[in-house]
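Since the structure comes first, as structure tokens, the remarks are kept for the end.
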Amino acid sequence: MCFYRAVSVGTQWESRGKNAWRGLGTKGFAQKKVLSLVLCVAMLLSVMVMGTGAAFTDQDEIQNAEAVDMTSALGIIDGYEDGSFQPAENIERGEAAKMISAMLNGGRDSVQETTESSYNDVLGSVDAWANKYIEYCTARGIVSGVGGDRFAPASNVTGTQLAKMLLVSLGYDSVKEGYQDNAMWSVNVNTDAVAAGLYAGIETIDMSAPLSRDNAAQMIWNALQAETVRYTLVGQVVKTGDTLLETAFGDDYGLYSGVMVQVYYNKDKAEYTYSVVDVNVDRNDWDWSEVVGGGAFIEDAEAYVTSADYSDLFGMNVTVLHKGDEALMIRVNEGGVVVEGVVGDIGGLNNNNANTFTVNGQKYRLDNVVGDMASVAVPYNGFDDFNNVDPLEQYSFRAIDLDGGGDVDLFVYYPYVVLKTDLVKADTFRANQITPADAYLTVLAANQDAGMVADLTGTIEYDDVIVNGTVAIDGYVKAVPATYTAQGEDTYDVLTMANASVTRAANKDLLITLGDTQYDGGLLEQIESFKQISVGKDYGFIAVNGYLFIMDGTGIVPENYTVITALAKSSSAADGTIKADLLMADGTTVSEADVSFVGNEAQWVGSMFTFTIKSDGTYVLTPVEDGAAKDTTSIFDLQQAFETGANLDNTPAEDAEGVDADDMLGINTAGDGIVKNQDTNTWYVIEDDAVVFAFINRTPHDGDQRTSEYVVLTGAELTDAIDNGYVQSWAFTGAYEVSQKTMTADMLYVKLGADPRDTSEYAYVADVNERANSNGHYAEIDVITVNGDTTLTTPAYENQRDPVLMDIYDNLEEGSVYQVIYDKDGKLVGYALLTFSYGTVTATDGRTITVTDNAGTSTTLVKDDPYEISIDGDTIQVGEVIAYAPQGGTTPDLIVYGLAAVSDCNIGAGIDNADCEVEVTRDINNVTVALTKTSGATFNDAGDRFSLTVKYTTGKTATYDGVKSDDDTTISFTFVATNDVESMTVAHK
């Protein structure tokens with residue numbers, strides 16, 4: 001329930017126990033309103049209604065909630081398949097007949113089917129389903145037709161018409177009482193209906209108008225609570241003394257009202273037992289103190305069993321609809337929750353009449369209680385156990401009205417303690433009292449109930465208790481003893497350490513504002529340490545109901561780690577700050593931040609720091625070093641840095657020496673994200689969502705012109721880098737201990753030889769174009785991959801001559817195949833050249849391919865799930881030329897087919913065959929023809945004086961000019977073969 005964890009604030013009491021309730025008004029509390037408390041109370045009030053009824057999806061639209069809940073529980077009125085009740089919809093005559101039939105048959109659909117009908121408009125209509133109910137009610141004089149042998153089953157029912165049906169159901173004779181065949185029938189019905197109480201709660205509606213489902217439920221519920229009647233021998237109407245509920249459903253059906261004083265849960269049967277006492281809530285001639293003091297009255301309570309959870313109604317005046325000892329429905333009878341919050345919020349008791357109190361400034365009145373709230377206060381489920389626990393200020397409470405008068409008759413509070421956990425095993429964990437050694441600020445032992453602490457600490461077996469959440473070593477739980485739970489089992493709710501920046505810390509009222517929320521520090525032991533709390537720094541904390549139990553750490557959270565990626569060489573400001581680019585844990589970069597340093601160490605680009613931010617926006621950087629949470633020198637249970645600052649670059653801000661790689665942390669990997677620090681013999685499991693600062697160490701080269709960069713990776717991406725052998729150096733590890741032998745690495749800093757987020761695939765380049773848009777210049781490459789045709793794009797660059805862009809644009813050749821490289825965003829950033837073998841297919845069976853090369857050598861290739869690129873979109877054919885890589889292998893990783901056939905080249909006119917030779921080479925469809933002097937002589941004419949004529953099998957021809965080599969010995973021609981080449985001839989123009 002929300003109020004168990006409502007975020008609120010309070011103030012430390014001057015006295016505790018029963019007398020503390022009298023002393024609440026003496027301290028002059030500041031009223032501290034927290035929005036979350038208001039929202040929580042609103043939620044609780046809505047939950048109270050929803051949780052005690054049928055919980056239809058439109059429950060908040062139902063006005064007669066009790067009637068709808070009760071008639072629904074009795075099986076008289078159903079909801080719709082979508083979970084709604086649709087309270088505003090009108091009741092049809094056929095539906096009314098079904099409801100009356102169910103009401104008179106104990107909520108069962110036991111009316112027999114019949115093919116006979118007293119009316120001519122029921123059978124054969126869409127309302128034929130209602131025929132048996134209409135006949136049942138007609139035979140008993142409950143309903144009659146509308147004339148002309150018609151019943152009009154789809155017509156709306158008015159309030160008076162339903163009242164007539166209910167009066168007959170109660171035993172009134174329709175003819176004798178003038179309900180039919182009488183011009184005054186409606187007057188007669190309304191008169192008797194008022195007398196019978198059928199209109200109670202809906203007196204203001206027009207009974208001659210169509211009746212809504214909501215109001216129909218109210219009338220039926222009124223009828224069930226009314227006494228049935230009979231006629232004497234002389235025709236006089238007399239009441240039987242039995243309600244219609246008892247008559248129709250049986251003597252074991254009934255209603256019982258009183259205060260729910262105990263909840264018991266049978267785990268084996270998965271059912272609750274609720275004890276309800278019919279108390280005199282005005283306390284006249286009744287010893288109220290016996291109730292809150294744990295008197296024997298509970299032994300005399302009525303007990304009702306059900307699988308439904310109504311435990312939220314403890315301490316309230318409820319009505320139980322029951323069948324014997326089975327609870328069919330329990331809901332609030334009168335009154336309910338007046339206000340709820342945290343005990344520490346209660347004030348204002350020190351008034352002249354001592355009969356009011358306040359919660360966050362709002363005044364409330366006590367009902368027949370003067371000056372002693374303790375006399376009307378009980379722990380949850382603890383009417384019989386009150387004296388064992390006092391209402392401490394950190395407990396949630398509910399102030400309850402029992403008689404509907406609006407004043408408070410009873411307080412229910414919810415005890416708990418906060419404990420620390422360790423020694424977590426598969427079937428047990430240990431719960432411990434919090435001590436000052438556990439954190440920077442801890443709850444004072446005297447501010448928690450010692451008895452509960454003693455009962456709830458020690459080695460806990462999971463099977464013996466309820467645990468909500470995953471218990472962690474050095475974690476915290478909110479613990480509630482079985483006595484004060486609905487389930488009757490010790491309950492441990494795992495608490496998560498929150499982190500926030502302190503925006504206010506006041507010694508005077510012991511209030512700390514973390515983020516936007518104010519918390520009460522009055523339970524903490526080291527009050528003087530408030531003076532050391534730094535506003536603007538981040539702290540970890542455990543809070544329940546707005547009260548701090550733990551405040552810990554160095555003022556740093558994981559988000560407050562950073563790496564300098566660029567740093568000025570000298571100071572740029574009079575106050576000693578310099579400009580730096582900071583890479584943050586979320587992967588963003590703060591550019592040209594004003595930074596200052598703690599300590600005298602020379603700070604370099606590539607150093608790692610924790611930081612705080614001053615009010616003027618300056619980042620104050622502290623170099624990382626070895627530390628541990630237990631020593632409050634780190635947020636991590638274990639923090640290891642190979643040196644102060646954990647630098648992974650060799651560019652100092654000032655004059656400093658570079659890093660010796662031999663000084664790095666020695667890391668041994670075991671696969672699956674498991675690593676070992678050989679220096680400390682510590683094993684880590686890298687969390688998939690760990691924050692990994694990484695320096696990607698690159699040397700630009702053809703195929704990848706990217707330079708080194710700093711990035712933030714995930715733990716899963718680092719694991720991939722480890723598996724691929726990318727890790728070059730390991731500088732920092734921040735880890736948490738999740739068991740006695742296991743550490744999880746949640747923050748790391750490493751140097752990598754490649755980015756594990758890069759991906760690659762094989763691609764045949766069909767076209768290369770340079771483009772530009774508002775984001776900059778980029779290349780667009782049409783390719784064919786193993787998945788078919790697609791278009792690749794590079795990142796957009798501001799500089800048109802960016803090395804990465806130019807490398808790709810200038811060097812990717814149309815007609816060739818490359819292993820292309822994509823960055824984390826799927827953009828083309830590089831490529832790798834491939835070397836192929838070529839051969840003509842002579843045979844293939846799907847599993848093997850036999851090829852013959854130009855020298856006539858035959859090779860059989862075995863297809864072991866290779867990548868395949870089809871340039872022409874066809875399958876491998878006998879007689880075609882294919883390319884395969886790696887070169888010379890017989891089990892290729894890549895096969896490219898659909899290549900153009902290329903013929904030998906002839907030497908034509910103007911060239912002396914005696915001292916020249918020609919060679920044809922290819923890179924997929926990129927063909928090169930080289931004309932060379934065999935005598936060692938040189939060509940005197942320019943290259944463009946030579947031409948290559950290519951004739952395709954399609955009949956088309958193409959001519960290309962030659963290019964002479966620098967030493968004048970070779971004339972080269974390069975072209976992309978667009979179809980099979982029939983012949984090639986090189987000639988002098």
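Scheme for the structure tokens: letters A, B, ... for chains in order shown; per-chain residue numbers from 1; ligand numbers from 1 in order shown.
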For range 955-964 of chain A: contacts at 9 Å, only C-alpha atoms, fewer than 5 positions along chain excluded, given as an mmCIF file with N, CA, C and O atoms, in the first residue's frame:
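Generated file (selection-v8.cif):
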```
data_model
loop_
_atom_site.group_PDB
_atom_site.id
_atom_site.type_symbol
_atom_site.label_atom_id
_atom_site.label_comp_id
_atom_site.auth_asym_id
_atom_site.auth_seq_id
_atom_site.Cartn_x
_atom_site.Cartn_y
_atom_site.Cartn_z
ATOM 1 N N PHE A 939 57.950 3.910 -73.772
ATOM 2 C CA PHE A 939 57.009 4.461 -74.743
ATOM 3 C C PHE A 939 57.289 5.953 -74.883
ATOM 4 O O PHE A 939 57.362 6.672 -73.883
ATOM 5 N N ASP A 941 55.327 8.085 -76.872
ATOM 6 C CA ASP A 941 54.092 8.843 -76.979
ATOM 7 C C ASP A 941 53.362 8.888 -75.633
ATOM 8 O O ASP A 941 53.544 8.024 -74.765
ATOM 9 N N ALA A 942 52.500 9.875 -75.511
ATOM 10 C CA ALA A 942 51.686 10.006 -74.291
ATOM 11 C C ALA A 942 50.721 8.837 -74.183
ATOM 12 O O ALA A 942 50.362 8.187 -75.182
ATOM 13 N N GLY A 943 50.289 8.597 -72.978
ATOM 14 C CA GLY A 943 49.389 7.468 -72.748
ATOM 15 C C GLY A 943 48.103 7.565 -73.513
ATOM 16 O O GLY A 943 47.553 6.563 -73.983
ATOM 17 N N ASP A 944 47.562 8.790 -73.658
ATOM 18 C CA ASP A 944 46.288 8.917 -74.326
ATOM 19 C C ASP A 944 46.407 8.747 -75.841
ATOM 20 O O ASP A 944 45.418 8.874 -76.571
ATOM 21 N N ARG A 945 47.627 8.472 -76.335
ATOM 22 C CA ARG A 945 47.801 8.125 -77.747
ATOM 23 C C ARG A 945 47.516 6.646 -77.967
ATOM 24 O O ARG A 945 47.512 6.171 -79.094
ATOM 25 N N PHE A 946 47.252 5.947 -76.909
ATOM 26 C CA PHE A 946 46.913 4.529 -76.990
ATOM 27 C C PHE A 946 45.451 4.358 -76.553
ATOM 28 O O PHE A 946 44.952 5.097 -75.677
ATOM 29 N N SER A 947 44.766 3.386 -77.138
ATOM 30 C CA SER A 947 43.352 3.165 -76.792
ATOM 31 C C SER A 947 43.081 1.676 -76.608
ATOM 32 O O SER A 947 43.775 0.829 -77.185
ATOM 33 N N LEU A 948 42.070 1.393 -75.807
ATOM 34 C CA LEU A 948 41.588 0.017 -75.588
ATOM 35 C C LEU A 948 40.150 -0.034 -76.031
ATOM 36 O O LEU A 948 39.306 0.734 -75.539
ATOM 37 N N THR A 949 39.844 -0.907 -76.967
ATOM 38 C CA THR A 949 38.472 -1.082 -77.439
ATOM 39 C C THR A 949 37.922 -2.380 -76.863
ATOM 40 O O THR A 949 38.519 -3.461 -77.034
ATOM 41 N N VAL A 950 36.812 -2.244 -76.152
ATOM 42 C CA VAL A 950 36.182 -3.405 -75.509
ATOM 43 C C VAL A 950 34.867 -3.675 -76.225
ATOM 44 O O VAL A 950 34.032 -2.773 -76.381
ATOM 45 N N THR A 969 57.272 2.814 -69.086
ATOM 46 C CA THR A 969 57.385 1.445 -69.604
ATOM 47 C C THR A 969 56.040 0.751 -69.755
ATOM 48 O O THR A 969 55.967 -0.319 -70.373
ATOM 49 N N THR A 970 55.002 1.334 -69.194
ATOM 50 C CA THR A 970 53.702 0.648 -69.192
ATOM 51 C C THR A 970 52.590 1.634 -69.537
ATOM 52 O O THR A 970 52.573 2.768 -69.056
ATOM 53 N N ILE A 971 51.666 1.145 -70.374
ATOM 54 C CA ILE A 971 50.421 1.877 -70.658
ATOM 55 C C ILE A 971 49.291 1.052 -70.041
ATOM 56 O O ILE A 971 49.124 -0.136 -70.361
ATOM 57 N N SER A 972 48.501 1.668 -69.132
ATOM 58 C CA SER A 972 47.451 0.936 -68.415
ATOM 59 C C SER A 972 46.071 1.454 -68.812
ATOM 60 O O SER A 972 45.881 2.660 -69.063
ATOM 61 N N PHE A 973 45.114 0.514 -68.843
ATOM 62 C CA PHE A 973 43.708 0.833 -69.113
ATOM 63 C C PHE A 973 42.875 0.178 -68.003
ATOM 64 O O PHE A 973 43.072 -1.002 -67.689
ATOM 65 N N THR A 974 41.962 0.933 -67.416
ATOM 66 C CA THR A 974 41.106 0.386 -66.349
ATOM 67 C C THR A 974 39.645 0.699 -66.670
ATOM 68 O O THR A 974 39.312 1.842 -67.043
ATOM 69 N N PHE A 975 38.778 -0.297 -66.521
ATOM 70 C CA PHE A 975 37.336 -0.090 -66.756
ATOM 71 C C PHE A 975 36.549 -1.113 -65.941
ATOM 72 O O PHE A 975 37.104 -2.120 -65.462
ATOM 73 N N GLU A 982 33.441 -9.835 -75.034
ATOM 74 C CA GLU A 982 33.710 -10.753 -76.150
ATOM 75 C C GLU A 982 35.153 -10.634 -76.610
ATOM 76 O O GLU A 982 35.828 -11.650 -76.888
#
```
> Neighbours of range 332-348 of chain A within 6 Å (only C-alpha atoms; same-chain residues fewer than 6 positions away dropped), as a PyMOL selection string?
Replying inline: chain A and resi 10-11+24-25+317-319+357-359+393+395-404
Store the residues of this selection in a file with all heavy atoms, as a short mmCIF file (atom, residue, chain, number, x, y, z; two decimals), in the first residue's frame.
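Result written to result-v1.cif:
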```cif
data_model
loop_
_atom_site.label_atom_id
_atom_site.label_comp_id
_atom_site.auth_asym_id
_atom_site.auth_seq_id
_atom_site.Cartn_x
_atom_site.Cartn_y
_atom_site.Cartn_z
N GLY A 10 9.04 14.69 9.04
CA GLY A 10 8.53 14.79 10.40
C GLY A 10 9.56 15.41 11.30
O GLY A 10 10.59 15.90 10.87
N THR A 11 9.30 15.41 12.58
CA THR A 11 10.20 16.01 13.55
C THR A 11 10.34 15.08 14.73
O THR A 11 9.39 14.41 15.13
CB THR A 11 9.64 17.36 14.01
OG1 THR A 11 9.40 18.16 12.85
CG2 THR A 11 10.62 18.07 14.91
N LEU A 24 2.97 15.83 21.81
CA LEU A 24 3.25 16.23 20.45
C LEU A 24 3.14 17.73 20.23
O LEU A 24 3.80 18.29 19.38
CB LEU A 24 2.30 15.52 19.48
CG LEU A 24 2.74 14.12 19.07
CD1 LEU A 24 1.64 13.45 18.27
CD2 LEU A 24 4.01 14.17 18.26
N GLY A 25 2.29 18.37 20.98
CA GLY A 25 2.06 19.77 20.72
C GLY A 25 3.06 20.69 21.39
O GLY A 25 2.95 21.90 21.25
N ASN A 317 -14.89 0.38 10.40
CA ASN A 317 -16.25 -0.12 10.59
C ASN A 317 -16.71 -0.69 9.26
O ASN A 317 -16.89 0.04 8.29
CB ASN A 317 -17.16 1.02 11.04
CG ASN A 317 -18.56 0.53 11.40
OD1 ASN A 317 -18.93 -0.59 11.11
ND2 ASN A 317 -19.32 1.40 12.04
N VAL A 318 -16.87 -2.01 9.18
CA VAL A 318 -17.15 -2.68 7.92
C VAL A 318 -18.48 -3.42 7.98
O VAL A 318 -19.00 -3.72 9.07
CB VAL A 318 -16.03 -3.67 7.55
CG1 VAL A 318 -14.71 -2.95 7.38
CG2 VAL A 318 -15.91 -4.79 8.60
N THR A 319 -18.99 -3.69 6.81
CA THR A 319 -20.14 -4.58 6.66
C THR A 319 -19.68 -5.82 5.92
O THR A 319 -19.03 -5.71 4.88
CB THR A 319 -21.28 -3.91 5.89
OG1 THR A 319 -21.79 -2.83 6.65
CG2 THR A 319 -22.41 -4.90 5.61
N PHE A 357 -6.21 17.79 16.70
CA PHE A 357 -4.80 17.63 16.32
C PHE A 357 -4.66 18.13 14.89
O PHE A 357 -5.65 18.37 14.19
CB PHE A 357 -4.35 16.17 16.44
CG PHE A 357 -5.03 15.23 15.47
CD1 PHE A 357 -4.42 14.88 14.27
CD2 PHE A 357 -6.28 14.69 15.76
CE1 PHE A 357 -5.04 14.02 13.38
CE2 PHE A 357 -6.90 13.83 14.86
CZ PHE A 357 -6.29 13.49 13.67
N THR A 358 -3.43 18.28 14.45
CA THR A 358 -3.18 18.73 13.08
C THR A 358 -2.24 17.76 12.37
O THR A 358 -1.45 17.06 13.00
CB THR A 358 -2.53 20.13 13.05
OG1 THR A 358 -1.27 20.08 13.72
CG2 THR A 358 -3.43 21.16 13.72
N VAL A 359 -2.37 17.72 11.06
CA VAL A 359 -1.44 17.00 10.19
C VAL A 359 -1.10 17.94 9.05
O VAL A 359 -1.98 18.33 8.27
CB VAL A 359 -2.05 15.69 9.64
CG1 VAL A 359 -1.08 15.04 8.65
CG2 VAL A 359 -2.38 14.73 10.76
N GLU A 393 7.76 8.12 15.49
CA GLU A 393 7.43 9.18 14.54
C GLU A 393 7.61 8.76 13.09
O GLU A 393 6.98 9.33 12.19
CB GLU A 393 8.29 10.40 14.81
CG GLU A 393 9.79 10.15 14.67
CD GLU A 393 10.61 11.40 14.97
OE1 GLU A 393 10.35 12.41 14.33
OE2 GLU A 393 11.48 11.34 15.84
N TYR A 395 6.67 5.99 11.71
CA TYR A 395 5.65 5.05 11.26
C TYR A 395 4.56 5.77 10.48
O TYR A 395 4.20 6.90 10.79
CB TYR A 395 5.00 4.33 12.45
CG TYR A 395 5.92 3.49 13.29
CD1 TYR A 395 5.53 3.06 14.57
CD2 TYR A 395 7.17 3.10 12.83
CE1 TYR A 395 6.36 2.30 15.36
CE2 TYR A 395 8.01 2.33 13.62
CZ TYR A 395 7.60 1.93 14.88
OH TYR A 395 8.43 1.17 15.66
N SER A 396 3.99 5.09 9.51
CA SER A 396 2.79 5.58 8.85
C SER A 396 1.60 5.41 9.79
O SER A 396 1.62 4.56 10.69
CB SER A 396 2.53 4.81 7.55
OG SER A 396 3.60 4.94 6.66
N PHE A 397 0.57 6.18 9.56
CA PHE A 397 -0.64 6.03 10.37
C PHE A 397 -1.88 6.30 9.53
O PHE A 397 -1.81 6.92 8.46
CB PHE A 397 -0.63 7.00 11.57
CG PHE A 397 -1.00 8.41 11.19
CD1 PHE A 397 -2.34 8.84 11.23
CD2 PHE A 397 -0.04 9.31 10.80
CE1 PHE A 397 -2.68 10.13 10.87
CE2 PHE A 397 -0.37 10.60 10.42
CZ PHE A 397 -1.70 11.02 10.47
N ARG A 398 -3.00 5.83 10.03
CA ARG A 398 -4.32 6.17 9.51
C ARG A 398 -5.19 6.63 10.66
O ARG A 398 -5.23 5.96 11.71
CB ARG A 398 -4.98 4.96 8.85
CG ARG A 398 -4.59 4.72 7.42
CD ARG A 398 -5.34 3.52 6.86
NE ARG A 398 -5.27 3.49 5.41
CZ ARG A 398 -5.80 2.55 4.66
NH1 ARG A 398 -6.46 1.54 5.22
NH2 ARG A 398 -5.70 2.59 3.35
N ALA A 399 -5.87 7.74 10.48
CA ALA A 399 -6.86 8.20 11.44
C ALA A 399 -8.23 7.85 10.88
O ALA A 399 -8.58 8.27 9.78
CB ALA A 399 -6.74 9.70 11.66
N ILE A 400 -9.00 7.07 11.64
CA ILE A 400 -10.21 6.44 11.11
C ILE A 400 -11.45 6.94 11.85
O ILE A 400 -11.46 7.04 13.08
CB ILE A 400 -10.10 4.91 11.23
CG1 ILE A 400 -8.91 4.42 10.40
CG2 ILE A 400 -11.38 4.23 10.79
CD1 ILE A 400 -8.60 2.95 10.59
N ASP A 401 -12.49 7.23 11.08
CA ASP A 401 -13.82 7.55 11.61
C ASP A 401 -14.63 6.26 11.59
O ASP A 401 -14.74 5.60 10.55
CB ASP A 401 -14.45 8.62 10.72
CG ASP A 401 -15.92 8.85 11.05
OD1 ASP A 401 -16.33 8.53 12.18
OD2 ASP A 401 -16.64 9.34 10.16
N LEU A 402 -15.22 5.91 12.73
CA LEU A 402 -15.96 4.65 12.83
C LEU A 402 -17.47 4.82 12.77
O LEU A 402 -18.18 3.83 12.55
CB LEU A 402 -15.59 3.92 14.13
CG LEU A 402 -14.14 3.43 14.25
CD1 LEU A 402 -13.91 2.80 15.62
CD2 LEU A 402 -13.81 2.44 13.15
N ASP A 403 -17.96 6.03 12.97
CA ASP A 403 -19.41 6.19 13.03
C ASP A 403 -19.98 7.10 11.95
O ASP A 403 -21.17 7.40 11.95
CB ASP A 403 -19.83 6.71 14.41
CG ASP A 403 -19.14 8.02 14.77
OD1 ASP A 403 -18.55 8.65 13.87
OD2 ASP A 403 -19.19 8.40 15.96
N GLY A 404 -19.14 7.54 11.04
CA GLY A 404 -19.63 8.38 9.95
C GLY A 404 -19.79 9.84 10.32
O GLY A 404 -20.25 10.63 9.49
#
```
>> According to DSSP computed on the backbone, where in range 314-561 of chain A is there strand (DSSP E)? Give the residues as a PyMOL selection string.
In response: chain A and resi 317-323+326-334+336-342+346-347+356-359+362-365+377-379+396-401+410-414+417-422+428-432+441-442+458-461+466-468+475-480+491-495+498-506+511-514+517-520+538-544+547-552+561
>> I'd like the neighbourhood of Asp689 in chain A as a list in words, where a residue qualifies if any of its atoms comes within 12 Å (using only C-alpha atoms), though same-chain residues fewer than 6 positions away should be ignored.
In response: Ala585, Asp586, Gly673, Val712, Leu713, Thr714, Gly715, Ala716, Glu717, Leu718, Thr719, Thr744, Ala745, Asp746, Met747 and Leu748 of chain A
>> What does the structure give for the distance between CA of Gly83 in chain A and CA of Met99 in chain A, in Å to one decimal?
In response: 18.6 Å
> Between A:Thr707, A:Gly515, A:Asp422, A:Asn647, which one has atoms that come closest to Ser729 in chain A, using only C-alpha atoms?
Replying inline: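 Closest residue, counting only C-alpha atoms: A:Asn647.
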>> For Pro795 in chain A, find every residue with an atom within 12 Å (counting only C-alpha atoms), except residues of its own chain fewer than 5 positions away, and show them as an MDAnalysis selection string.
In response: chainID A and resid 706 770:773 775:780 800 802 804:806 808 822:830
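Using only C-alpha atoms, the protein and nucleic acid residues lying no more than 8 Å from Gln819 in chain A, apart from those fewer than 3 places from it along its own chain, are Ser760, Glu761, Tyr762, Ala763, Tyr831, Ala832, Leu833 and Leu834 of chain A.
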Set the distance at 9 Å and use only C-alpha atoms: which residues neighbour Ala152 in chain A once local chain neighbours fewer than 2 positions away are removed? I'd like the list as a JSON list (two decimals) with N, CA, C and O atoms, in the first residue's frame.
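Dumped everything to out_17.json:
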```
[["chain", "number", "residue", "atom", "x", "y", "z"],
["A", 92, "GLU", "N", -32.95, -2.86, -19.16],
["A", 92, "GLU", "CA", -34.04, -3.29, -20.04],
["A", 92, "GLU", "C", -34.94, -4.26, -19.29],
["A", 92, "GLU", "O", -34.54, -4.89, -18.30],
["A", 93, "ARG", "N", -36.16, -4.43, -19.79],
["A", 93, "ARG", "CA", -37.14, -5.30, -19.11],
["A", 93, "ARG", "C", -36.65, -6.75, -19.06],
["A", 93, "ARG", "O", -36.81, -7.43, -18.06],
["A", 94, "GLY", "N", -36.02, -7.21, -20.14],
["A", 94, "GLY", "CA", -35.49, -8.57, -20.14],
["A", 94, "GLY", "C", -34.38, -8.73, -19.12],
["A", 94, "GLY", "O", -34.26, -9.76, -18.44],
["A", 119, "TYR", "N", -45.63, -14.48, -24.59],
["A", 119, "TYR", "CA", -45.65, -13.24, -25.37],
["A", 119, "TYR", "C", -45.20, -13.54, -26.79],
["A", 119, "TYR", "O", -44.51, -14.53, -27.06],
["A", 121, "ASP", "N", -43.34, -11.46, -28.77],
["A", 121, "ASP", "CA", -42.20, -10.67, -29.23],
["A", 121, "ASP", "C", -40.89, -11.05, -28.54],
["A", 121, "ASP", "O", -39.94, -10.26, -28.53],
["A", 122, "VAL", "N", -40.85, -12.26, -27.96],
["A", 122, "VAL", "CA", -39.63, -12.66, -27.26],
["A", 122, "VAL", "C", -38.89, -13.73, -28.05],
["A", 122, "VAL", "O", -37.76, -13.51, -28.51],
["A", 145, "GLY", "N", -47.22, -8.30, -19.31],
["A", 145, "GLY", "CA", -46.94, -7.70, -20.60],
["A", 145, "GLY", "C", -47.33, -6.24, -20.66],
["A", 145, "GLY", "O", -47.83, -5.64, -19.70],
["A", 146, "VAL", "N", -47.07, -5.68, -21.87],
["A", 146, "VAL", "CA", -47.39, -4.26, -22.08],
["A", 146, "VAL", "C", -48.62, -4.09, -22.94],
["A", 146, "VAL", "O", -48.96, -2.97, -23.34],
["A", 150, "ARG", "N", -47.61, -8.60, -25.91],
["A", 150, "ARG", "CA", -46.21, -8.20, -26.06],
["A", 150, "ARG", "C", -45.59, -7.98, -24.69],
["A", 150, "ARG", "O", -46.25, -7.51, -23.76],
["A", 154, "ALA", "N", -36.75, -5.37, -24.77],
["A", 154, "ALA", "CA", -35.65, -4.40, -24.93],
["A", 154, "ALA", "C", -36.02, -3.02, -24.45],
["A", 154, "ALA", "O", -35.18, -2.11, -24.49],
["A", 155, "SER", "N", -37.26, -2.83, -24.00],
["A", 155, "SER", "CA", -37.67, -1.51, -23.52],
["A", 155, "SER", "C", -37.06, -1.25, -22.14],
["A", 155, "SER", "O", -36.82, -2.18, -21.35],
["A", 156, "ASN", "N", -36.85, 0.02, -21.84],
["A", 156, "ASN", "CA", -36.28, 0.40, -20.56],
["A", 156, "ASN", "C", -37.27, 0.17, -19.42],
["A", 156, "ASN", "O", -38.49, 0.31, -19.60]]
```
> Pick from A:Ser591, A:Ser174, A:Ser72, A:Ser307: nearest to Gln218 in chain A, with only C-alpha atoms counted?
Replying inline: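 Among the listed residues, A:Ser72 lies closest to Gln218 in chain A.
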> Near Glu868 in chain A, within 6 Å and counting only C-alpha atoms, which residues show up once chain neighbours fewer than 3 positions away are dropped, as a list in words?
Replying inline: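 Selected residues are Val786, Leu894, Ile895 and Val896 of chain A.
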Selected residues written out, N, CA and C atoms, as a PDB file, in the first residue's frame:
```pdb
ATOM      1  N   VAL A 786      25.282  -9.391 -49.136  1.00  0.00           N
ATOM      2  CA  VAL A 786      24.687 -10.731 -49.083  1.00  0.00           C
ATOM      3  C   VAL A 786      23.173 -10.653 -48.964  1.00  0.00           C
ATOM      4  N   LEU A 894      33.820 -16.266 -48.503  1.00  0.00           N
ATOM      5  CA  LEU A 894      33.013 -15.407 -49.357  1.00  0.00           C
ATOM      6  C   LEU A 894      33.087 -15.912 -50.787  1.00  0.00           C
ATOM      7  N   ILE A 895      31.924 -15.992 -51.446  1.00  0.00           N
ATOM      8  CA  ILE A 895      31.851 -16.343 -52.857  1.00  0.00           C
ATOM      9  C   ILE A 895      31.074 -15.239 -53.562  1.00  0.00           C
ATOM     10  N   VAL A 896      31.647 -14.718 -54.640  1.00  0.00           N
ATOM     11  CA  VAL A 896      30.986 -13.697 -55.442  1.00  0.00           C
ATOM     12  C   VAL A 896      30.732 -14.290 -56.822  1.00  0.00           C
TER      13      VAL A 896
END
```
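One finds CA of Pro481 in chain A at 19.9 Å from CA of Met260 in chain A.
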